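These notes concern the structure reproduced below.
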Amino acid sequence: SKSIYSDQEKHDASSLPAWLLSPAKFSWNHVREEREALTLDDQMNMERDKLGMNRYNVNETPDLIATSFREFDDALDSIKEKEAYETALFIDPEYVESEEFRLAFLRADLFNIPAAARRMVKYWERKIELFGPEKAFGR
């Protein structure tokens, strides 16, 4: 079969960098050994990173979470332009008002309530922008 590349675009192995030609030196045993060499704190931080959790220590007490939810609702009420959020709330209030969903925004902004509320409003605006109103409100 004929190549889609011209003869000028063909390269032999000698023109490629050595690192590209060397076999991969990856092994799960190596990963496990490196992980075991970490301190417990570093291992926990690695797990948090892997799960998308923040390393900053916000002590999430039940009282903080309950207070934050009340303040979060107030912050959302104070935002004037929030048509996409209000549409989502109308279509699927169980999801939009769920603790799990709202907590994700609070955690993303380290419980900075006004920032988390703005993030949620922006989330719905962006979701409509990317997927259109027909698909934006599905889970």
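In the structure tokens, chains take the letters A, B, ... in the order shown, each chain's residues start at 1, and ligands count up from 1 in the order shown.
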
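Per DSSP on the backbone, helix (DSSP H, G or I) in region 94-127 of chain A comprises Glu94, Tyr95, Val96, Glu99, Glu100, Phe101, Arg102, Leu103, Ala104, Phe105, Leu106, Arg107, Ala108, Ile113, Pro114, Ala115, Ala116, Ala117, Arg118, Arg119, Met120, Val121, Lys122, Tyr123, Trp124, Glu125, Arg126 and Lys127 of chain A.
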
For the selection just defined, write its residues with N, CA and C atoms to a file, as a CSV table (one decimal), in the first residue's frame.
chain,number,residue,atom,x,y,z
A,94,GLU,N,-34.5,17.7,43.1
A,94,GLU,CA,-33.9,16.7,44.0
A,94,GLU,C,-32.4,16.6,43.8
A,95,TYR,N,-31.9,16.7,42.6
A,95,TYR,CA,-30.5,16.7,42.3
A,95,TYR,C,-29.8,18.0,42.6
A,96,VAL,N,-30.4,19.1,42.2
A,96,VAL,CA,-29.7,20.4,42.4
A,96,VAL,C,-29.6,20.8,43.8
A,99,GLU,N,-27.5,17.3,49.0
A,99,GLU,CA,-26.4,17.7,49.8
A,99,GLU,C,-25.1,17.3,49.1
A,100,GLU,N,-25.1,16.2,48.5
A,100,GLU,CA,-23.9,15.7,47.8
A,100,GLU,C,-23.5,16.6,46.7
A,101,PHE,N,-24.4,17.1,45.9
A,101,PHE,CA,-24.1,18.0,44.8
A,101,PHE,C,-23.7,19.3,45.3
A,102,ARG,N,-24.4,19.9,46.3
A,102,ARG,CA,-24.0,21.2,46.8
A,102,ARG,C,-22.7,21.2,47.5
A,103,LEU,N,-22.4,20.1,48.2
A,103,LEU,CA,-21.2,19.9,49.0
A,103,LEU,C,-20.0,19.9,48.1
A,104,ALA,N,-20.1,19.4,46.9
A,104,ALA,CA,-19.0,19.4,45.9
A,104,ALA,C,-18.6,20.9,45.6
A,105,PHE,N,-19.5,21.8,45.5
A,105,PHE,CA,-19.2,23.2,45.2
A,105,PHE,C,-18.6,23.8,46.4
A,106,LEU,N,-19.1,23.5,47.6
A,106,LEU,CA,-18.5,24.1,48.8
A,106,LEU,C,-17.1,23.6,49.0
A,107,ARG,N,-16.8,22.3,48.8
A,107,ARG,CA,-15.5,21.8,48.9
A,107,ARG,C,-14.5,22.4,47.8
A,108,ALA,N,-15.0,22.6,46.6
A,108,ALA,CA,-14.2,23.1,45.6
A,108,ALA,C,-13.6,24.5,45.9
A,113,ILE,N,-18.3,30.5,50.8
A,113,ILE,CA,-19.7,30.4,50.4
A,113,ILE,C,-20.1,31.2,49.2
A,114,PRO,N,-19.8,32.5,49.1
A,114,PRO,CA,-20.1,33.2,47.9
A,114,PRO,C,-19.4,32.7,46.7
A,115,ALA,N,-18.2,32.3,46.8
A,115,ALA,CA,-17.5,31.7,45.6
A,115,ALA,C,-18.1,30.4,45.2
A,116,ALA,N,-18.6,29.6,46.1
A,116,ALA,CA,-19.2,28.3,45.8
A,116,ALA,C,-20.5,28.5,45.1
A,117,ALA,N,-21.3,29.5,45.6
A,117,ALA,CA,-22.6,29.8,44.9
A,117,ALA,C,-22.4,30.3,43.5
A,118,ARG,N,-21.4,31.2,43.3
A,118,ARG,CA,-21.1,31.7,42.0
A,118,ARG,C,-20.6,30.5,41.1
A,119,ARG,N,-19.9,29.6,41.6
A,119,ARG,CA,-19.4,28.4,40.9
A,119,ARG,C,-20.6,27.6,40.4
A,120,MET,N,-21.6,27.4,41.3
A,120,MET,CA,-22.7,26.6,40.9
A,120,MET,C,-23.5,27.2,39.8
A,121,VAL,N,-23.7,28.5,39.9
A,121,VAL,CA,-24.5,29.3,38.9
A,121,VAL,C,-23.7,29.2,37.6
A,122,LYS,N,-22.4,29.3,37.6
A,122,LYS,CA,-21.6,29.3,36.4
A,122,LYS,C,-21.6,27.9,35.8
A,123,TYR,N,-21.6,26.9,36.7
A,123,TYR,CA,-21.7,25.5,36.3
A,123,TYR,C,-22.8,25.2,35.3
A,124,TRP,N,-24.0,25.7,35.7
A,124,TRP,CA,-25.2,25.5,34.9
A,124,TRP,C,-25.2,26.3,33.6
A,125,GLU,N,-24.6,27.5,33.7
A,125,GLU,CA,-24.5,28.3,32.5
A,125,GLU,C,-23.6,27.6,31.5
A,126,ARG,N,-22.5,27.1,32.0
A,126,ARG,CA,-21.5,26.4,31.1
A,126,ARG,C,-22.1,25.1,30.6
A,127,LYS,N,-22.8,24.4,31.4
A,127,LYS,CA,-23.4,23.2,30.9
A,127,LYS,C,-24.3,23.4,29.8

Between CA of Pro133 (chain A) and CA of Ala88 (chain A) - distance in Å to one decimal: 9.8 Å

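CA of Asn112 (chain A) is found 25.4 Å from CA of Glu129 (chain A).
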
Within 12 Å of region 25-35 of chain A using only C-alpha atoms, minus same-chain residues under 5 positions, as a list in words: Trp19, Leu20, Leu40, Asp41, Asp42, Gln43, Met44, Asn45, Met46 and Glu47 of chain A
